[in-house]
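K.L.:
Structure file target.cif, mmCIF, C-alpha atoms, is pasted below:
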data_upload
loop_
_atom_site.label_atom_id
_atom_site.label_comp_id
_atom_site.auth_asym_id
_atom_site.auth_seq_id
_atom_site.Cartn_x
_atom_site.Cartn_y
_atom_site.Cartn_z
CA MET A 9 41.41 -60.74 74.77
CA GLU A 10 37.86 -59.93 73.74
CA ASN A 11 36.71 -61.44 70.46
CA LYS A 12 36.22 -58.32 68.35
CA SER A 13 34.87 -60.08 65.27
CA GLY A 14 31.25 -59.81 66.43
CA ILE A 15 29.78 -58.99 63.05
CA PHE A 16 27.20 -60.60 60.83
CA ILE A 17 27.39 -62.55 57.59
CA ASN A 18 24.45 -63.43 55.41
CA CYS A 19 24.33 -67.15 54.62
CA GLN A 20 21.27 -68.75 53.03
CA GLU A 21 19.22 -65.68 53.96
CA LYS A 22 20.17 -66.09 57.62
CA LEU A 23 22.43 -63.79 59.59
CA TRP A 24 25.32 -65.47 61.34
CA ASP A 25 26.40 -63.69 64.50
CA PHE A 26 30.10 -64.34 65.10
CA ARG A 27 30.08 -63.08 68.67
CA ARG A 28 29.75 -66.79 69.42
CA PRO A 29 32.43 -68.62 67.41
CA LYS A 30 31.27 -71.13 64.82
CA ILE A 31 32.45 -74.69 64.23
CA MET A 32 33.24 -75.82 60.68
CA GLY A 33 33.49 -79.60 60.33
CA ILE A 34 35.92 -80.98 57.74
CA VAL A 35 34.82 -83.69 55.29
CA ASN A 36 37.18 -84.78 52.51
CA VAL A 37 36.04 -86.82 49.52
CA THR A 38 39.65 -87.47 48.60
CA PRO A 39 41.90 -90.54 48.87
CA ASP A 40 44.96 -88.63 50.05
CA SER A 41 44.08 -85.95 52.62
CA PHE A 42 46.74 -85.74 55.33
CA TYR A 43 44.38 -86.94 58.12
CA ALA A 44 42.92 -90.29 57.10
CA ASN A 45 39.89 -90.13 59.41
CA SER A 46 38.60 -87.06 57.55
CA ARG A 47 38.27 -89.01 54.31
CA ALA A 48 34.79 -90.11 53.24
CA ASP A 49 35.40 -92.79 50.65
CA SER A 50 31.81 -94.04 50.40
CA ASP A 51 28.30 -92.61 50.59
CA LYS A 52 27.75 -94.46 53.85
CA LYS A 53 30.84 -92.98 55.49
CA LEU A 54 30.08 -89.51 54.11
CA LEU A 55 26.61 -89.43 55.61
CA SER A 56 27.75 -91.09 58.82
CA ASN A 57 30.54 -88.52 59.30
CA VAL A 58 28.23 -85.59 58.61
CA ALA A 59 25.52 -86.95 60.92
CA ALA A 60 28.06 -87.28 63.73
CA MET A 61 29.34 -83.73 63.18
CA ILE A 62 25.81 -82.33 63.28
CA ARG A 63 25.06 -84.22 66.52
CA GLU A 64 28.27 -82.90 68.05
CA GLY A 65 27.46 -79.28 67.21
CA ALA A 66 28.87 -78.34 63.79
CA ASP A 67 27.52 -75.06 62.43
CA ILE A 68 28.69 -75.75 58.88
CA ILE A 69 30.23 -78.62 56.93
CA ASP A 70 33.21 -77.88 54.68
CA ILE A 71 33.63 -80.43 51.91
CA GLY A 72 36.67 -80.73 49.68
CA GLY A 73 37.61 -82.93 46.76
CA TYR A 74 41.17 -81.71 46.19
CA SER A 75 43.85 -82.55 48.72
CA SER A 76 45.81 -79.41 49.58
CA ARG A 77 48.41 -81.08 51.78
CA PRO A 78 51.99 -80.09 50.87
CA GLY A 79 53.07 -81.85 47.69
CA ALA A 80 49.60 -83.23 46.98
CA THR A 81 48.89 -84.69 43.54
CA ASP A 82 47.13 -82.32 41.17
CA ILE A 83 43.81 -83.56 39.77
CA SER A 84 41.62 -82.31 36.93
CA VAL A 85 38.69 -79.97 37.37
CA GLU A 86 36.42 -82.72 36.09
CA GLU A 87 37.66 -85.17 38.71
CA GLU A 88 37.20 -82.63 41.50
CA ILE A 89 33.63 -81.94 40.33
CA ARG A 90 32.96 -85.69 40.13
CA ARG A 91 34.02 -86.06 43.74
CA VAL A 92 32.37 -83.00 45.24
CA VAL A 93 29.03 -82.41 43.52
CA PRO A 94 27.34 -85.79 44.19
CA ALA A 95 28.52 -85.60 47.81
CA ILE A 96 26.93 -82.17 48.25
CA GLU A 97 23.70 -83.35 46.66
CA LYS A 98 23.55 -86.31 49.04
CA MET A 99 24.27 -84.11 52.04
CA ARG A 100 21.65 -81.55 51.10
CA LYS A 101 19.05 -84.31 50.62
CA GLU A 102 19.84 -86.05 53.90
CA PHE A 103 20.61 -82.96 56.02
CA PRO A 104 18.81 -79.97 54.43
CA ASP A 105 19.30 -77.68 57.42
CA ILE A 106 23.10 -77.81 57.73
CA PRO A 107 24.94 -75.20 55.64
CA VAL A 108 27.58 -76.63 53.30
CA SER A 109 30.80 -74.91 52.25
CA VAL A 110 32.87 -76.10 49.29
CA ASP A 111 36.64 -76.12 49.72
CA THR A 112 38.01 -75.28 46.26
CA PHE A 113 40.16 -72.72 44.46
CA ARG A 114 38.57 -73.41 41.05
CA SER A 115 35.64 -71.34 39.87
CA ARG A 116 34.10 -74.13 37.79
CA VAL A 117 34.05 -76.44 40.80
CA ALA A 118 32.68 -73.64 42.96
CA LYS A 119 29.86 -72.92 40.50
CA GLU A 120 28.85 -76.56 40.22
CA ALA A 121 28.99 -76.96 43.99
CA LEU A 122 26.88 -73.86 44.61
CA ASP A 123 24.35 -75.04 42.03
CA ALA A 124 24.23 -78.38 43.88
CA GLY A 125 23.37 -76.69 47.18
CA ALA A 126 26.54 -75.36 48.78
CA CYS A 127 26.16 -71.87 50.25
CA MET A 128 29.77 -70.78 50.78
CA VAL A 129 33.14 -71.03 49.02
CA ASN A 130 36.32 -71.70 50.98
CA ASP A 131 39.21 -70.75 48.66
CA ILE A 132 42.71 -71.67 49.85
CA SER A 133 44.22 -69.38 47.20
CA GLY A 134 42.20 -66.29 48.11
CA GLY A 135 41.32 -65.76 44.46
CA THR A 136 44.89 -65.94 43.11
CA LEU A 137 44.76 -69.28 41.27
CA ASP A 138 41.62 -68.65 39.24
CA GLU A 139 40.83 -65.15 37.96
CA ASN A 140 37.17 -66.10 37.56
CA MET A 141 36.62 -66.96 41.21
CA ILE A 142 36.00 -63.48 42.62
CA PRO A 143 33.62 -62.47 39.80
CA LEU A 144 31.73 -65.75 40.40
CA ILE A 145 31.35 -64.98 44.10
CA GLY A 146 30.02 -61.55 43.16
CA ARG A 147 27.42 -63.04 40.83
CA LYS A 148 26.37 -65.78 43.23
CA LYS A 149 26.30 -63.44 46.26
CA VAL A 150 27.55 -66.07 48.69
CA PRO A 151 29.98 -65.83 51.63
CA TYR A 152 33.63 -66.33 50.76
CA VAL A 153 36.53 -67.57 52.86
CA LEU A 154 39.59 -65.65 51.71
CA MET A 155 42.69 -67.60 52.68
CA HIS A 156 46.33 -66.64 52.30
CA MET A 157 48.69 -69.07 50.59
CA ARG A 158 52.08 -68.73 48.94
CA GLY A 159 52.38 -70.64 45.64
CA THR A 160 50.29 -73.76 45.03
CA PRO A 161 49.73 -76.91 47.13
CA GLN A 162 52.56 -78.48 45.14
CA THR A 163 55.06 -75.63 45.74
CA MET A 164 53.89 -73.77 48.84
CA GLN A 165 56.45 -75.31 51.20
CA ASP A 166 59.44 -74.69 48.90
CA ASN A 167 61.35 -72.30 51.18
CA PRO A 168 58.60 -69.73 51.97
CA VAL A 169 60.11 -66.34 52.77
CA TYR A 170 58.44 -63.17 54.08
CA GLU A 171 59.66 -59.68 54.82
CA ASN A 172 57.24 -59.73 57.77
CA VAL A 173 54.69 -62.53 57.76
CA ILE A 174 51.95 -60.56 59.56
CA THR A 175 52.40 -57.42 57.48
CA ASP A 176 52.63 -59.39 54.24
CA ILE A 177 49.43 -61.33 54.95
CA ASN A 178 47.60 -58.15 55.94
CA ARG A 179 48.68 -56.52 52.67
CA PHE A 180 47.38 -59.54 50.77
CA PHE A 181 44.06 -59.35 52.58
CA ALA A 182 43.74 -55.63 51.83
CA VAL A 183 44.40 -56.14 48.10
CA GLN A 184 42.00 -59.08 47.76
CA LEU A 185 39.28 -57.43 49.85
CA LYS A 186 39.43 -54.44 47.51
CA LYS A 187 38.89 -56.76 44.53
CA LEU A 188 35.99 -58.44 46.28
CA LYS A 189 34.41 -55.09 47.11
CA GLU A 190 34.64 -54.12 43.43
CA HIS A 191 32.45 -57.16 42.74
CA ASN A 192 30.05 -56.21 45.55
CA VAL A 193 31.21 -59.03 47.83
CA ASN A 194 30.94 -58.04 51.48
CA ASP A 195 30.36 -61.37 53.25
CA VAL A 196 34.00 -62.38 53.68
CA ILE A 197 35.80 -64.50 56.27
CA LEU A 198 39.59 -64.21 56.51
CA ASP A 199 41.92 -67.17 57.01
CA PRO A 200 45.69 -66.56 57.46
CA GLY A 201 46.39 -70.04 56.11
CA PHE A 202 48.28 -71.98 58.77
CA GLY A 203 50.64 -74.37 57.01
CA PHE A 204 50.08 -72.97 53.53
CA GLY A 205 53.42 -71.54 52.48
CA LYS A 206 54.66 -71.02 56.03
CA THR A 207 57.48 -72.42 58.10
CA LEU A 208 56.93 -73.72 61.61
CA GLU A 209 58.11 -70.36 62.96
CA HIS A 210 55.77 -68.44 60.64
CA ASN A 211 52.81 -70.48 61.90
CA TYR A 212 53.52 -69.64 65.53
CA ILE A 213 54.12 -65.97 64.75
CA ILE A 214 50.68 -65.94 63.11
CA LEU A 215 49.04 -67.68 66.07
CA LYS A 216 50.71 -65.32 68.53
CA ASN A 217 49.62 -62.25 66.52
CA LEU A 218 46.26 -63.45 65.21
CA ASP A 219 44.49 -60.40 66.62
CA LYS A 220 46.45 -58.17 64.23
CA PHE A 221 44.21 -59.40 61.40
CA LEU A 222 41.09 -58.09 63.13
CA TRP A 223 41.54 -54.54 61.84
CA HIS A 224 39.95 -55.61 58.53
CA ASN A 225 36.70 -55.99 60.53
CA LYS A 226 36.02 -59.44 59.14
CA PRO A 227 35.56 -62.73 61.01
CA LEU A 228 38.72 -64.83 61.28
CA LEU A 229 38.78 -68.53 60.45
CA VAL A 230 41.50 -70.70 61.96
CA GLY A 231 42.37 -74.12 60.55
CA ILE A 232 44.98 -75.67 62.83
CA SER A 233 43.35 -79.05 63.36
CA ARG A 234 45.96 -81.84 63.65
CA LYS A 235 48.42 -79.96 61.41
CA SER A 236 52.18 -80.36 61.23
CA MET A 237 52.76 -77.18 63.24
CA LEU A 238 51.51 -79.26 66.16
CA PHE A 239 52.97 -82.70 65.57
CA LYS A 240 56.39 -81.36 64.57
CA VAL A 241 56.69 -79.68 67.97
CA LEU A 242 55.43 -82.75 69.81
CA ASN A 243 57.21 -85.37 67.67
CA GLY A 244 53.95 -87.14 66.93
CA LYS A 245 51.52 -87.92 64.13
CA PRO A 246 48.25 -86.27 63.03
CA GLY A 247 46.24 -88.97 64.80
CA ASP A 248 47.84 -88.03 68.12
CA MET A 249 47.11 -84.29 67.93
CA LEU A 250 43.61 -83.96 69.40
CA ASN A 251 44.75 -82.43 72.69
CA ALA A 252 47.25 -80.16 70.93
CA THR A 253 44.51 -79.03 68.55
CA SER A 254 42.26 -78.07 71.48
CA VAL A 255 45.07 -76.08 73.07
CA ALA A 256 45.87 -74.25 69.82
CA ASN A 257 42.18 -73.57 69.18
CA THR A 258 41.83 -72.10 72.68
CA ILE A 259 44.70 -69.72 71.98
CA ALA A 260 43.12 -68.81 68.65
CA LEU A 261 39.77 -68.03 70.30
CA MET A 262 41.45 -65.79 72.84
CA LYS A 263 43.17 -63.99 69.98
CA GLY A 264 39.91 -63.33 68.13
CA ALA A 265 39.09 -66.38 66.00
CA ALA A 266 35.43 -66.52 64.98
CA VAL A 267 35.43 -69.87 63.13
CA LEU A 268 37.28 -73.06 64.03
CA ARG A 269 37.75 -75.44 61.08
CA VAL A 270 38.22 -78.86 62.65
CA HIS A 271 38.20 -82.62 62.22
CA ASP A 272 36.90 -83.18 65.77
CA VAL A 273 33.68 -81.26 66.28
CA ARG A 274 32.73 -82.31 69.81
CA GLU A 275 36.05 -81.25 71.26
CA ALA A 276 35.95 -77.95 69.36
CA ARG A 277 32.42 -77.29 70.61
CA GLU A 278 33.55 -77.92 74.17
CA THR A 279 36.47 -75.55 73.63
CA VAL A 280 34.08 -72.84 72.43
CA ASP A 281 31.67 -73.49 75.30
CA ILE A 282 34.39 -73.08 77.93
CA TYR A 283 35.73 -69.98 76.19
CA MET A 284 32.25 -68.42 76.03
CA GLN A 285 31.61 -69.20 79.70
CA MET A 286 34.77 -67.31 80.58
CA MET A 287 33.89 -64.38 78.30
CA LEU A 288 30.34 -64.08 79.68
CA THR A 289 31.24 -64.39 83.34
CA ASN A 290 30.98 -61.10 85.21
CA ASP A 291 34.10 -60.30 87.25
CA ASP A 292 31.90 -58.86 90.02
#
Can you turn what I pasted into structure tokens?
P.N.:
Amino acid sequence: MENKSGIFINCQEKLWDFRRPKIMGIVNVTPDSFYANSRADSDKKLLSNVAAMIREGADIIDIGGYSSRPGATDISVEEEIRRVVPAIEKMRKEFPDIPVSVDTFRSRVAKEALDAGACMVNDISGGTLDENMIPLIGRKKVPYVLMHMRGTPQTMQDNPVYENVITDINRFFAVQLKKLKEHNVNDVILDPGFGFGKTLEHNYIILKNLDKFLWHNKPLLVGISRKSMLFKVLNGKPGDMLNATSVANTIALMKGAAVLRVHDVREARETVDIYMQMMLTNDD
């Protein structure tokens, strides 16, 4: 299926063309993220991880200081800022050309991160956990990743139920996009939120029907990397899910994904390169 999300987003006064899918590398300054290798628990590891992702072809680095794995421990806003802001400052000093996204649902953290040099906000709650988030995005005029989640990271997997998971997520996107438009926010990326308030079956329904979110005419971000929807099927662990991640990302690209949020940048870049070769090859 042709990737129909070939539109532009303004980021740091540059236009991103999503006709070629982008790679978002994951960096966590947390002690408890579900995939241990994504954790940067020192300045040396932070900069080393980011340098490797840039070499391997990352288009943007997504940094988070709050673990959103199911049942994760809640931390204070102050602690999240303490983790995230110095890391962003170090990244911007060492790698000034790589765009940085902050993964947070709290407007205070988002503001501090943007002031420190981040250029995008990746909000797992889609603006539902902090009423000040959408107005902040409007004031700051930065791109916004609008993700769907049921509940909070602590409650999201407590028996999630939908009337129709695709229809319900599309309704959520429509409502939140209207709010964003009221605050003059147009640079929006949509994320259906694999694993965030979804059962295993819900996740595969979403993957199978990913193209049904394209009618909003916004780029789609997919974050499947090493998640439980893979290792539960294969009876493995996150560390074993590199091949499964590449397979799932390939399916997502063929269903219209414009951004792959990943732990393993080189493999994701290769996946995109093969996909693009297929898309650009003339049948004649």
K.L.:
Per residue of range 16-40 of chain A within 10 Å of range 100-123 of chain A, record the nearest atom pair and its distance in Å to one decimal, counting only C-alpha atoms, with rows in chain order and ascending residue number, as a tab-separated table.
P.N.:
residue	atom	partner	partner_atom	distance
A:Cys19	CA	A:Pro107	CA	8.1
A:Gln20	CA	A:Pro107	CA	7.9
A:Met32	CA	A:Ser109	CA	8.8
A:Gly33	CA	A:Val108	CA	9.7
A:Ile34	CA	A:Asp111	CA	9.4
A:Val35	CA	A:Asp111	CA	9.6
A:Asn36	CA	A:Asp111	CA	9.1
K.L.:
Those same residues - C-alpha atoms - I'd like them written as a compact mmCIF listing (two decimals), keeping the file's coordinate frame.
P.N.:
# COMPACT_ATOMS: atom_id res chain seq x y z
CA CYS A 19 24.33 -67.15 54.62
CA GLN A 20 21.27 -68.75 53.03
CA MET A 32 33.24 -75.82 60.68
CA GLY A 33 33.49 -79.60 60.33
CA ILE A 34 35.92 -80.98 57.74
CA VAL A 35 34.82 -83.69 55.29
CA ASN A 36 37.18 -84.78 52.51
K.L.:
Pick out the residues sitting within 9 Å of range 220-230 of chain A, and hand them over as a count of residues only; count all atoms listed in the file, and ignore anything fewer than 5 positions along from it in its own chain.
P.N.:
35
K.L.:
Restricting the calculation to all atoms listed in the file: of A:Asn192, A:Asn172, A:Asn243, A:Asn130, which residue gets closest to Ile68 in chain A?
P.N.:
A:Asn130
K.L.:
Between A:Pro39, A:Asp291, A:Arg77, A:Val273, single out the one closest to Ala59 in chain A, counting only C-alpha atoms.
P.N.:
A:Val273
K.L.:
Measure the distance from CA of Leu188 in chain A to CA of Gly203 in chain A in Å and round it to one decimal.
P.N.:
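These atoms are spaced 24.2 Å apart.
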K.L.:
Box in all listed atoms of range 259-265 of chain A, axis-aligned, with 4 Å more on each side; write out centre and edge lengths in Å to one decimal as JSON.
P.N.:
{"center_x": 41.9, "center_y": -66.5, "center_z": 69.4, "size_x": 13.6, "size_y": 14.4, "size_z": 14.8}
K.L.:
CA of Leu144 in chain A and CA of Ile31 in chain A are how many Å apart?
P.N.:
25.5 Å
K.L.:
Do you have the CA of Arg234 in chain A-CA of His271 in chain A distance handy?
P.N.:
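Separation between CA of Arg234 in chain A and CA of His271 in chain A: 7.9 Å.
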K.L.:
Go through A:Lys148, A:Val129, A:Arg91, A:Asp67 one by one, measure the shortest atom-to-atom distance of each to Trp24 in chain A using all atoms listed in the file, and give the residue with the smallest value.
P.N.:
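Comparing A:Lys148, A:Val129, A:Arg91, A:Asp67 against Trp24 in chain A, the winner is A:Asp67.
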K.L.:
Counting only C-alpha atoms, which of A:Thr207, A:Ala256, A:Lys189, A:Met262 gets nearest to Asp219 in chain A?
P.N.:
A:Met262
K.L.:
Could you spell out the hits of the PyMOL selection byres ((chain A and resi 206) around 10) on the shown file, as a short mmCIF file (atom, residue, chain, number, x, y, z; two decimals) with C-alpha atoms, in the frame of the given file?
P.N.:
data_model
loop_
_atom_site.label_atom_id
_atom_site.label_comp_id
_atom_site.auth_asym_id
_atom_site.auth_seq_id
_atom_site.Cartn_x
_atom_site.Cartn_y
_atom_site.Cartn_z
CA MET A 157 48.69 -69.07 50.59
CA ARG A 158 52.08 -68.73 48.94
CA MET A 164 53.89 -73.77 48.84
CA GLN A 165 56.45 -75.31 51.20
CA ASP A 166 59.44 -74.69 48.90
CA ASN A 167 61.35 -72.30 51.18
CA PRO A 168 58.60 -69.73 51.97
CA VAL A 169 60.11 -66.34 52.77
CA TYR A 170 58.44 -63.17 54.08
CA VAL A 173 54.69 -62.53 57.76
CA GLY A 201 46.39 -70.04 56.11
CA PHE A 202 48.28 -71.98 58.77
CA GLY A 203 50.64 -74.37 57.01
CA PHE A 204 50.08 -72.97 53.53
CA GLY A 205 53.42 -71.54 52.48
CA THR A 207 57.48 -72.42 58.10
CA LEU A 208 56.93 -73.72 61.61
CA GLU A 209 58.11 -70.36 62.96
CA HIS A 210 55.77 -68.44 60.64
CA ASN A 211 52.81 -70.48 61.90
CA TYR A 212 53.52 -69.64 65.53
CA ILE A 214 50.68 -65.94 63.11
CA MET A 237 52.76 -77.18 63.24
#
K.L.:
Check the smallest atom-to-atom distance from each of A:Asp281, A:Asp272, A:Glu139, A:Glu87 to Met61 in chain A using all atoms listed in the file, then report the winner.
P.N.:
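Ranking A:Asp281, A:Asp272, A:Glu139, A:Glu87 by distance to Met61 in chain A, first place goes to A:Asp272.
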K.L.:
Just checking: using all atoms listed in the file, which residue out of A:Lys53, A:Leu238, A:Pro151, A:Gly135 ends up closest to Lys187 in chain A?
P.N.:
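Among the listed residues, A:Gly135 lies closest to Lys187 in chain A.
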K.L.:
How would you write, as a list in words, the residues chosen by the PyMOL selection byres ((chain A and resi 74) around 10) on this structure?
P.N.:
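Against this file, the PyMOL selection byres ((chain A and resi 74) around 10) returns the residues Asn36, Val37, Thr38, Pro39, Asp40, Ser41, Ile71, Gly72, Gly73, Ser75, Ser76, Arg77, Ala80, Thr81, Asp82, Ile83, Ser84, Val85, Glu87, Glu88, Ile89, Arg91, Val92, Asp111, Thr112, Phe113 and Pro161 of chain A.
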